[in-house]
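Structure below is coords27.pdb: PDB, C-alpha atoms.
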```
ATOM      1  CA  MET A 102       0.000   0.000   0.000
ATOM      2  CA  ALA A 103       2.762   2.454   0.964
ATOM      3  CA  SER A 104       4.798   1.520  -2.131
ATOM      4  CA  SER A 105       1.707   2.137  -4.282
ATOM      5  CA  ALA A 106       1.366   5.652  -2.833
ATOM      6  CA  ILE A 107       5.058   6.328  -3.426
ATOM      7  CA  MET A 108       4.766   5.140  -7.037
ATOM      8  CA  LYS A 109       1.765   7.419  -7.609
ATOM      9  CA  ARG A 110       3.625  10.401  -6.124
ATOM     10  CA  THR A 111       6.707   9.600  -8.217
ATOM     11  CA  GLY A 112       4.549   9.450 -11.355
ATOM     12  CA  LEU A 113       2.877  12.742 -10.474
ATOM     13  CA  MET A 114       6.237  14.390  -9.831
ATOM     14  CA  LYS A 115       7.622  13.131 -13.165
ATOM     15  CA  SER A 116       4.513  14.399 -14.937
ATOM     16  CA  MET A 117       4.837  17.853 -13.353
ATOM     17  CA  ILE A 118       8.555  18.135 -14.038
ATOM     18  CA  ASN A 119       8.214  16.837 -17.598
ATOM     19  CA  GLY A 120       5.693  19.632 -18.111
ATOM     20  CA  PHE A 121       8.613  22.056 -17.827
ATOM     21  CA  GLN A 122      10.062  20.630 -21.033
ATOM     22  CA  ALA A 123       7.878  22.836 -23.209
ATOM     23  CA  SER A 124       9.131  25.958 -21.447
ATOM     24  CA  ARG A 125      12.809  24.947 -21.682
ATOM     25  CA  ALA A 126      14.934  28.041 -22.297
ATOM     26  CA  TYR A 127      18.005  27.323 -24.369
ATOM     27  CA  ALA A 128      21.303  28.198 -22.775
ATOM     28  CA  SER A 129      22.879  31.505 -23.776
ATOM     29  CA  VAL A 130      26.217  29.715 -23.815
ATOM     30  CA  ALA A 131      27.189  27.204 -26.461
ATOM     31  CA  VAL A 132      30.219  25.293 -27.655
ATOM     32  CA  GLY A 133      32.964  27.906 -28.064
ATOM     33  CA  SER A 134      31.584  30.251 -25.380
ATOM     34  CA  ASP A 135      33.856  31.438 -22.592
ATOM     35  CA  LEU A 136      32.246  30.637 -19.232
ATOM     36  CA  ILE A 137      34.318  33.247 -17.416
ATOM     37  CA  SER A 138      33.198  36.006 -19.814
ATOM     38  CA  ALA A 139      29.583  34.762 -19.764
ATOM     39  CA  ALA A 140      29.407  35.202 -15.976
ATOM     40  CA  PRO A 141      32.218  37.668 -15.161
ATOM     41  CA  ASP A 142      31.070  38.730 -11.691
ATOM     42  CA  VAL A 143      29.926  35.302 -10.511
ATOM     43  CA  SER A 144      31.611  33.219  -7.847
ATOM     44  CA  LEU A 145      30.650  29.781  -6.578
ATOM     45  CA  GLN A 146      30.824  28.481  -3.033
ATOM     46  CA  LYS A 147      32.930  25.371  -2.445
ATOM     47  CA  ALA A 148      31.110  22.715  -0.406
ATOM     48  CA  ARG A 149      32.094  22.949   3.262
ATOM     49  CA  THR A 150      30.879  22.720   6.831
ATOM     50  CA  TRP A 151      29.464  25.758   8.589
ATOM     51  CA  ASP A 152      32.619  26.052  10.716
ATOM     52  CA  GLU A 153      34.777  25.998   7.569
ATOM     53  CA  GLY A 154      32.565  28.735   6.133
ATOM     54  CA  VAL A 155      33.038  30.886   9.215
ATOM     55  CA  SER A 156      36.814  30.350   9.337
ATOM     56  CA  SER A 157      37.105  31.269   5.625
ATOM     57  CA  LYS A 158      34.992  34.378   6.260
ATOM     58  CA  PHE A 159      32.451  32.888   3.857
ATOM     59  CA  ALA A 160      34.900  33.029   0.957
ATOM     60  CA  THR A 161      33.694  32.306  -2.555
ATOM     61  CA  THR A 162      35.589  31.025  -5.590
ATOM     62  CA  PRO A 163      35.697  33.178  -8.753
ATOM     63  CA  LEU A 164      35.073  31.267 -11.987
ATOM     64  CA  LYS A 165      38.554  32.138 -13.267
ATOM     65  CA  ASP A 166      40.055  30.206 -10.344
ATOM     66  CA  ILE A 167      37.980  27.162 -11.285
ATOM     67  CA  PHE A 168      38.540  27.167 -15.063
ATOM     68  CA  LYS A 169      41.670  29.183 -16.017
ATOM     69  CA  ASP A 170      44.417  26.984 -17.527
ATOM     70  CA  LYS A 171      42.504  23.794 -16.605
ATOM     71  CA  LYS A 172      40.573  20.977 -18.248
ATOM     72  CA  VAL A 173      37.310  20.680 -16.333
ATOM     73  CA  VAL A 174      34.210  18.540 -16.598
ATOM     74  CA  ILE A 175      31.322  20.310 -14.879
ATOM     75  CA  PHE A 176      27.769  19.141 -14.432
ATOM     76  CA  GLY A 177      24.753  20.956 -13.054
ATOM     77  CA  LEU A 178      21.657  19.435 -11.562
ATOM     78  CA  PRO A 179      18.389  20.522  -9.931
ATOM     79  CA  GLY A 180      19.439  19.924  -6.339
ATOM     80  CA  ALA A 181      21.149  18.085  -3.551
ATOM     81  CA  TYR A 182      19.307  15.103  -2.073
ATOM     82  CA  THR A 183      16.904  14.802  -5.021
ATOM     83  CA  GLY A 184      16.117  11.516  -6.772
ATOM     84  CA  VAL A 185      17.832  11.334 -10.179
ATOM     85  CA  CYS A 186      20.631  13.605  -8.939
ATOM     86  CA  SER A 187      21.499  11.232  -6.085
ATOM     87  CA  THR A 188      20.883   7.856  -7.696
ATOM     88  CA  GLN A 189      22.119   8.438 -11.253
ATOM     89  CA  HIS A 190      23.758  11.770 -12.067
ATOM     90  CA  VAL A 191      26.459  12.043  -9.371
ATOM     91  CA  PRO A 192      27.245   8.276  -9.413
ATOM     92  CA  SER A 193      27.785   8.422 -13.195
ATOM     93  CA  TYR A 194      30.728  10.769 -12.555
ATOM     94  CA  LYS A 195      31.971   9.242  -9.302
ATOM     95  CA  ASN A 196      32.133   5.767 -10.870
ATOM     96  CA  ASN A 197      34.140   7.086 -13.836
ATOM     97  CA  ILE A 198      36.568   9.376 -12.012
ATOM     98  CA  ASP A 199      39.643   7.295 -12.951
ATOM     99  CA  LYS A 200      38.635   7.427 -16.629
ATOM    100  CA  PHE A 201      38.290  11.224 -16.440
ATOM    101  CA  LYS A 202      41.713  11.530 -14.804
ATOM    102  CA  GLY A 203      43.115   9.191 -17.486
ATOM    103  CA  LYS A 204      41.900  11.673 -20.119
ATOM    104  CA  GLY A 205      43.802  14.510 -18.426
ATOM    105  CA  ILE A 206      40.840  16.127 -16.695
ATOM    106  CA  ASP A 207      42.055  18.348 -13.832
ATOM    107  CA  SER A 208      38.744  18.371 -11.982
ATOM    108  CA  VAL A 209      35.201  17.066 -12.138
ATOM    109  CA  ILE A 210      32.751  19.545 -10.631
ATOM    110  CA  CYS A 211      29.133  19.261  -9.530
ATOM    111  CA  VAL A 212      27.167  22.507  -9.124
ATOM    112  CA  ALA A 213      23.594  23.058  -7.965
ATOM    113  CA  VAL A 214      21.424  25.907  -6.741
ATOM    114  CA  ASN A 215      21.992  25.034  -3.086
ATOM    115  CA  ASP A 216      24.039  26.475  -0.258
ATOM    116  CA  PRO A 217      27.557  25.067   0.192
ATOM    117  CA  TYR A 218      26.624  23.410   3.502
ATOM    118  CA  ALA A 219      23.831  21.310   1.960
ATOM    119  CA  MET A 220      26.193  20.436  -0.897
ATOM    120  CA  ASN A 221      28.826  19.355   1.619
ATOM    121  CA  GLY A 222      26.451  17.107   3.569
ATOM    122  CA  TRP A 223      25.127  15.583   0.354
ATOM    123  CA  ALA A 224      28.644  14.959  -1.050
ATOM    124  CA  GLU A 225      29.598  13.206   2.194
ATOM    125  CA  LYS A 226      26.405  11.115   2.160
ATOM    126  CA  LEU A 227      27.165  10.028  -1.424
ATOM    127  CA  GLU A 228      30.804   9.362  -0.458
ATOM    128  CA  ALA A 229      31.791  11.407  -3.506
ATOM    129  CA  LYS A 230      33.691  14.329  -1.976
ATOM    130  CA  GLU A 231      37.120  12.803  -2.639
ATOM    131  CA  ALA A 232      36.352  12.252  -6.344
ATOM    132  CA  ILE A 233      34.215  15.268  -7.269
ATOM    133  CA  GLU A 234      34.433  18.943  -6.293
ATOM    134  CA  PHE A 235      31.023  20.196  -5.163
ATOM    135  CA  TYR A 236      30.028  23.847  -5.410
ATOM    136  CA  GLY A 237      26.904  25.698  -4.369
ATOM    137  CA  ASP A 238      25.324  28.385  -6.538
ATOM    138  CA  PHE A 239      23.353  29.630  -3.547
ATOM    139  CA  ASP A 240      21.483  32.425  -5.332
ATOM    140  CA  GLY A 241      21.370  30.805  -8.775
ATOM    141  CA  SER A 242      23.400  33.633 -10.341
ATOM    142  CA  PHE A 243      25.734  31.264 -12.218
ATOM    143  CA  HIS A 244      22.863  29.359 -13.797
ATOM    144  CA  LYS A 245      20.909  32.565 -14.532
ATOM    145  CA  LYS A 246      23.878  34.076 -16.406
ATOM    146  CA  LEU A 247      24.154  30.927 -18.541
ATOM    147  CA  ASP A 248      20.370  30.713 -19.090
ATOM    148  CA  LEU A 249      20.413  27.314 -17.412
ATOM    149  CA  ALA A 250      18.049  28.278 -14.574
ATOM    150  CA  ILE A 251      14.536  26.869 -14.292
ATOM    151  CA  ASP A 252      11.640  27.487 -11.905
ATOM    152  CA  LEU A 253      10.707  24.167 -10.296
ATOM    153  CA  SER A 254       8.198  25.653  -7.832
ATOM    154  CA  ALA A 255       5.576  23.141  -8.982
ATOM    155  CA  ALA A 256       7.831  20.452  -7.488
ATOM    156  CA  LEU A 257       8.388  22.593  -4.345
ATOM    157  CA  LEU A 258      12.007  23.250  -5.325
ATOM    158  CA  GLY A 259      11.791  26.908  -6.410
ATOM    159  CA  PRO A 260      14.473  28.351  -8.700
ATOM    160  CA  ARG A 261      16.930  25.621  -9.707
ATOM    161  CA  SER A 262      19.256  24.468 -12.467
ATOM    162  CA  HIS A 263      18.523  22.488 -15.572
ATOM    163  CA  ARG A 264      20.328  19.150 -15.730
ATOM    164  CA  TRP A 265      23.428  19.648 -17.888
ATOM    165  CA  SER A 266      27.114  18.841 -18.403
ATOM    166  CA  ALA A 267      30.073  20.503 -20.116
ATOM    167  CA  TYR A 268      33.690  19.889 -20.964
ATOM    168  CA  VAL A 269      35.596  23.151 -20.485
ATOM    169  CA  VAL A 270      39.210  23.891 -21.426
ATOM    170  CA  ASP A 271      40.752  27.134 -20.116
ATOM    171  CA  GLY A 272      37.259  28.560 -19.641
ATOM    172  CA  LYS A 273      36.068  27.705 -23.171
ATOM    173  CA  ILE A 274      33.182  25.265 -23.621
ATOM    174  CA  LYS A 275      34.218  22.367 -25.858
ATOM    175  CA  VAL A 276      31.137  20.187 -25.218
ATOM    176  CA  LEU A 277      27.730  21.176 -23.792
ATOM    177  CA  ASN A 278      24.846  18.787 -23.088
ATOM    178  CA  VAL A 279      21.505  20.011 -21.706
ATOM    179  CA  GLU A 280      18.612  17.697 -20.902
ATOM    180  CA  LYS A 281      15.198  18.551 -22.390
ATOM    181  CA  ALA A 282      13.644  18.359 -18.904
ATOM    182  CA  PRO A 283      15.203  18.202 -15.417
ATOM    183  CA  SER A 284      13.684  14.764 -14.794
ATOM    184  CA  GLU A 285      15.479  13.308 -17.822
ATOM    185  CA  PHE A 286      18.894  11.685 -17.725
ATOM    186  CA  GLU A 287      19.817  11.000 -21.341
ATOM    187  CA  VAL A 288      22.701  13.297 -22.382
ATOM    188  CA  SER A 289      24.286  14.773 -19.247
ATOM    189  CA  GLY A 290      25.766  11.700 -17.566
ATOM    190  CA  GLY A 291      29.388  10.849 -17.001
ATOM    191  CA  ASP A 292      29.395   8.007 -19.527
ATOM    192  CA  VAL A 293      28.129  10.315 -22.280
ATOM    193  CA  ILE A 294      30.618  13.127 -21.778
ATOM    194  CA  LEU A 295      33.511  10.669 -21.417
ATOM    195  CA  GLY A 296      32.857   9.655 -25.007
ATOM    196  CA  GLN A 297      32.890  13.317 -26.106
ATOM    197  CA  ILE A 298      36.271  14.282 -24.645
TER     198      ILE A 298
END
```

So that I can check it, write out the structure of this file as C-alpha coordinates.
Amino acid sequence: MASSAIMKRTGLMKSMINGFQASRAYASVAVGSDLISAAPDVSLQKARTWDEGVSSKFATTPLKDIFKDKKVVIFGLPGAYTGVCSTQHVPSYKNNIDKFKGKGIDSVICVAVNDPYAMNGWAEKLEAKEAIEFYGDFDGSFHKKLDLAIDLSAALLGPRSHRWSAYVVDGKIKVLNVEKAPSEFEVSGGDVILGQI
(Lines of atoms letter the chains of each structure in order from A and count residues from 1; the text may use other names and numbers.)
(Lines give C-alpha, C1' and ligand atoms only; values in the text may rest on other atoms or scores of the structure.)
Protein backbone atom coordinates (compact mmCIF):
# COMPACT_ATOMS: atom_id res chain seq x y z
CA MET A 1 0.00 0.00 0.00
CA ALA A 2 2.76 2.45 0.96
CA SER A 3 4.80 1.52 -2.13
CA SER A 4 1.71 2.14 -4.28
CA ALA A 5 1.37 5.65 -2.83
CA ILE A 6 5.06 6.33 -3.43
CA MET A 7 4.77 5.14 -7.04
CA LYS A 8 1.76 7.42 -7.61
CA ARG A 9 3.62 10.40 -6.12
CA THR A 10 6.71 9.60 -8.22
CA GLY A 11 4.55 9.45 -11.36
CA LEU A 12 2.88 12.74 -10.47
CA MET A 13 6.24 14.39 -9.83
CA LYS A 14 7.62 13.13 -13.16
CA SER A 15 4.51 14.40 -14.94
CA MET A 16 4.84 17.85 -13.35
CA ILE A 17 8.55 18.14 -14.04
CA ASN A 18 8.21 16.84 -17.60
CA GLY A 19 5.69 19.63 -18.11
CA PHE A 20 8.61 22.06 -17.83
CA GLN A 21 10.06 20.63 -21.03
CA ALA A 22 7.88 22.84 -23.21
CA SER A 23 9.13 25.96 -21.45
CA ARG A 24 12.81 24.95 -21.68
CA ALA A 25 14.93 28.04 -22.30
CA TYR A 26 18.01 27.32 -24.37
CA ALA A 27 21.30 28.20 -22.78
CA SER A 28 22.88 31.51 -23.78
CA VAL A 29 26.22 29.72 -23.81
CA ALA A 30 27.19 27.20 -26.46
CA VAL A 31 30.22 25.29 -27.65
CA GLY A 32 32.96 27.91 -28.06
CA SER A 33 31.58 30.25 -25.38
CA ASP A 34 33.86 31.44 -22.59
CA LEU A 35 32.25 30.64 -19.23
CA ILE A 36 34.32 33.25 -17.42
CA SER A 37 33.20 36.01 -19.81
CA ALA A 38 29.58 34.76 -19.76
CA ALA A 39 29.41 35.20 -15.98
CA PRO A 40 32.22 37.67 -15.16
CA ASP A 41 31.07 38.73 -11.69
CA VAL A 42 29.93 35.30 -10.51
CA SER A 43 31.61 33.22 -7.85
CA LEU A 44 30.65 29.78 -6.58
CA GLN A 45 30.82 28.48 -3.03
CA LYS A 46 32.93 25.37 -2.44
CA ALA A 47 31.11 22.71 -0.41
CA ARG A 48 32.09 22.95 3.26
CA THR A 49 30.88 22.72 6.83
CA TRP A 50 29.46 25.76 8.59
CA ASP A 51 32.62 26.05 10.72
CA GLU A 52 34.78 26.00 7.57
CA GLY A 53 32.56 28.74 6.13
CA VAL A 54 33.04 30.89 9.22
CA SER A 55 36.81 30.35 9.34
CA SER A 56 37.10 31.27 5.62
CA LYS A 57 34.99 34.38 6.26
CA PHE A 58 32.45 32.89 3.86
CA ALA A 59 34.90 33.03 0.96
CA THR A 60 33.69 32.31 -2.56
CA THR A 61 35.59 31.02 -5.59
CA PRO A 62 35.70 33.18 -8.75
CA LEU A 63 35.07 31.27 -11.99
CA LYS A 64 38.55 32.14 -13.27
CA ASP A 65 40.05 30.21 -10.34
CA ILE A 66 37.98 27.16 -11.29
CA PHE A 67 38.54 27.17 -15.06
CA LYS A 68 41.67 29.18 -16.02
CA ASP A 69 44.42 26.98 -17.53
CA LYS A 70 42.50 23.79 -16.61
CA LYS A 71 40.57 20.98 -18.25
CA VAL A 72 37.31 20.68 -16.33
CA VAL A 73 34.21 18.54 -16.60
CA ILE A 74 31.32 20.31 -14.88
CA PHE A 75 27.77 19.14 -14.43
CA GLY A 76 24.75 20.96 -13.05
CA LEU A 77 21.66 19.44 -11.56
CA PRO A 78 18.39 20.52 -9.93
CA GLY A 79 19.44 19.92 -6.34
CA ALA A 80 21.15 18.08 -3.55
CA TYR A 81 19.31 15.10 -2.07
CA THR A 82 16.90 14.80 -5.02
CA GLY A 83 16.12 11.52 -6.77
CA VAL A 84 17.83 11.33 -10.18
CA CYS A 85 20.63 13.60 -8.94
CA SER A 86 21.50 11.23 -6.08
CA THR A 87 20.88 7.86 -7.70
CA GLN A 88 22.12 8.44 -11.25
CA HIS A 89 23.76 11.77 -12.07
CA VAL A 90 26.46 12.04 -9.37
CA PRO A 91 27.25 8.28 -9.41
CA SER A 92 27.79 8.42 -13.19
CA TYR A 93 30.73 10.77 -12.55
CA LYS A 94 31.97 9.24 -9.30
CA ASN A 95 32.13 5.77 -10.87
CA ASN A 96 34.14 7.09 -13.84
CA ILE A 97 36.57 9.38 -12.01
CA ASP A 98 39.64 7.29 -12.95
CA LYS A 99 38.63 7.43 -16.63
CA PHE A 100 38.29 11.22 -16.44
CA LYS A 101 41.71 11.53 -14.80
CA GLY A 102 43.11 9.19 -17.49
CA LYS A 103 41.90 11.67 -20.12
CA GLY A 104 43.80 14.51 -18.43
CA ILE A 105 40.84 16.13 -16.70
CA ASP A 106 42.05 18.35 -13.83
CA SER A 107 38.74 18.37 -11.98
CA VAL A 108 35.20 17.07 -12.14
CA ILE A 109 32.75 19.55 -10.63
CA CYS A 110 29.13 19.26 -9.53
CA VAL A 111 27.17 22.51 -9.12
CA ALA A 112 23.59 23.06 -7.97
CA VAL A 113 21.42 25.91 -6.74
CA ASN A 114 21.99 25.03 -3.09
CA ASP A 115 24.04 26.48 -0.26
CA PRO A 116 27.56 25.07 0.19
CA TYR A 117 26.62 23.41 3.50
CA ALA A 118 23.83 21.31 1.96
CA MET A 119 26.19 20.44 -0.90
CA ASN A 120 28.83 19.35 1.62
CA GLY A 121 26.45 17.11 3.57
CA TRP A 122 25.13 15.58 0.35
CA ALA A 123 28.64 14.96 -1.05
CA GLU A 124 29.60 13.21 2.19
CA LYS A 125 26.41 11.11 2.16
CA LEU A 126 27.16 10.03 -1.42
CA GLU A 127 30.80 9.36 -0.46
CA ALA A 128 31.79 11.41 -3.51
CA LYS A 129 33.69 14.33 -1.98
CA GLU A 130 37.12 12.80 -2.64
CA ALA A 131 36.35 12.25 -6.34
CA ILE A 132 34.22 15.27 -7.27
CA GLU A 133 34.43 18.94 -6.29
CA PHE A 134 31.02 20.20 -5.16
CA TYR A 135 30.03 23.85 -5.41
CA GLY A 136 26.90 25.70 -4.37
CA ASP A 137 25.32 28.38 -6.54
CA PHE A 138 23.35 29.63 -3.55
CA ASP A 139 21.48 32.43 -5.33
CA GLY A 140 21.37 30.80 -8.77
CA SER A 141 23.40 33.63 -10.34
CA PHE A 142 25.73 31.26 -12.22
CA HIS A 143 22.86 29.36 -13.80
CA LYS A 144 20.91 32.56 -14.53
CA LYS A 145 23.88 34.08 -16.41
CA LEU A 146 24.15 30.93 -18.54
CA ASP A 147 20.37 30.71 -19.09
CA LEU A 148 20.41 27.31 -17.41
CA ALA A 149 18.05 28.28 -14.57
CA ILE A 150 14.54 26.87 -14.29
CA ASP A 151 11.64 27.49 -11.91
CA LEU A 152 10.71 24.17 -10.30
CA SER A 153 8.20 25.65 -7.83
CA ALA A 154 5.58 23.14 -8.98
CA ALA A 155 7.83 20.45 -7.49
CA LEU A 156 8.39 22.59 -4.34
CA LEU A 157 12.01 23.25 -5.33
CA GLY A 158 11.79 26.91 -6.41
CA PRO A 159 14.47 28.35 -8.70
CA ARG A 160 16.93 25.62 -9.71
CA SER A 161 19.26 24.47 -12.47
CA HIS A 162 18.52 22.49 -15.57
CA ARG A 163 20.33 19.15 -15.73
CA TRP A 164 23.43 19.65 -17.89
CA SER A 165 27.11 18.84 -18.40
CA ALA A 166 30.07 20.50 -20.12
CA TYR A 167 33.69 19.89 -20.96
CA VAL A 168 35.60 23.15 -20.49
CA VAL A 169 39.21 23.89 -21.43
CA ASP A 170 40.75 27.13 -20.12
CA GLY A 171 37.26 28.56 -19.64
CA LYS A 172 36.07 27.70 -23.17
CA ILE A 173 33.18 25.26 -23.62
CA LYS A 174 34.22 22.37 -25.86
CA VAL A 175 31.14 20.19 -25.22
CA LEU A 176 27.73 21.18 -23.79
CA ASN A 177 24.85 18.79 -23.09
CA VAL A 178 21.51 20.01 -21.71
CA GLU A 179 18.61 17.70 -20.90
CA LYS A 180 15.20 18.55 -22.39
CA ALA A 181 13.64 18.36 -18.90
CA PRO A 182 15.20 18.20 -15.42
CA SER A 183 13.68 14.76 -14.79
CA GLU A 184 15.48 13.31 -17.82
CA PHE A 185 18.89 11.68 -17.72
CA GLU A 186 19.82 11.00 -21.34
CA VAL A 187 22.70 13.30 -22.38
CA SER A 188 24.29 14.77 -19.25
CA GLY A 189 25.77 11.70 -17.57
CA GLY A 190 29.39 10.85 -17.00
CA ASP A 191 29.40 8.01 -19.53
CA VAL A 192 28.13 10.31 -22.28
CA ILE A 193 30.62 13.13 -21.78
CA LEU A 194 33.51 10.67 -21.42
CA GLY A 195 32.86 9.65 -25.01
CA GLN A 196 32.89 13.32 -26.11
CA ILE A 197 36.27 14.28 -24.64

**Prompt:** Given the file above and the PyMOL selection byres ((chain A and resi 240) around 12), which residues are selected, and can you give them as a list in words?
**Reply:**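 Matching residues under the PyMOL selection byres ((chain A and resi 240) around 12) are Val143, Ser144, Leu145, Gln146, Ala213, Val214, Asn215, Asp216, Pro217, Gly237, Asp238, Phe239, Gly241, Ser242, Phe243, His244, Lys245, Lys246, Ala250, Gly259, Pro260, Arg261 and Ser262 of chain A.
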
**Request:** Enter the distance from CA of Val174 in chain A to CA of Phe201 in chain A, in Å, rounded to one decimal.
**Result:**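 These atoms are spaced 8.4 Å apart.
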
**Message:** So that I can check the surroundings of range 196-200 of chain A, please list as a PyMOL selection string every protein, DNA and RNA residue that reaches within 12 Å of it, counting only C-alpha atoms and ignoring chain neighbours fewer than 2 positions away.
**Reply:** chain A and resi 174+188-194+202-210+227-234+290-296+298

**Resolved residues for the PyMOL selection byres ((chain A and resi 181) around 10) as a list in words** =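 Listing what the PyMOL selection byres ((chain A and resi 181) around 10) selects in the shown file: Leu178, Pro179, Gly180, Tyr182, Thr183, Gly184, Cys186, Ser187, Val191, Val212, Ala213, Val214, Asn215, Asp216, Ala219, Met220, Asn221, Gly222, Trp223, Ala224 and Gly237 of chain A.
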
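CA of Lys273 in chain A is positioned 27.8 Å from CA of Phe159 in chain A.
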
**Fill in**
Using all atoms listed in the file, the best pick from A:Asp170, A:Asp248, A:Glu153, A:Asp142 as closest to Val269 in chain A would be A:Asp170

**Message:** Counting all atoms listed in the file, find residues at most 8 Å from (29.4, 27.0, -26.9) (file frame) and give them as a PyMOL selection string.
**Reply:** chain A and resi 130-135+273-277

**Request:** Mind checking which residues fall within 6 Å of Ser266 in chain A, counting all atoms listed in the file, ignoring those fewer than 3 positions away in the same chain, and posting them as a PyMOL selection string?
**Result:** chain A and resi 175-176+277-278+289

**Asked** Just how far from CA of Gly272 in chain A is CA of Ala148 in chain A, in Å to one decimal?
**Response** 21.0 Å

**Asked** What do you get, as a ChimeraX atom specification, if you spell out every residue that the PyMOL selection byres ((chain A and resi 264) around 6) selects here?
**Response** /A:177-178,263,265,280,283
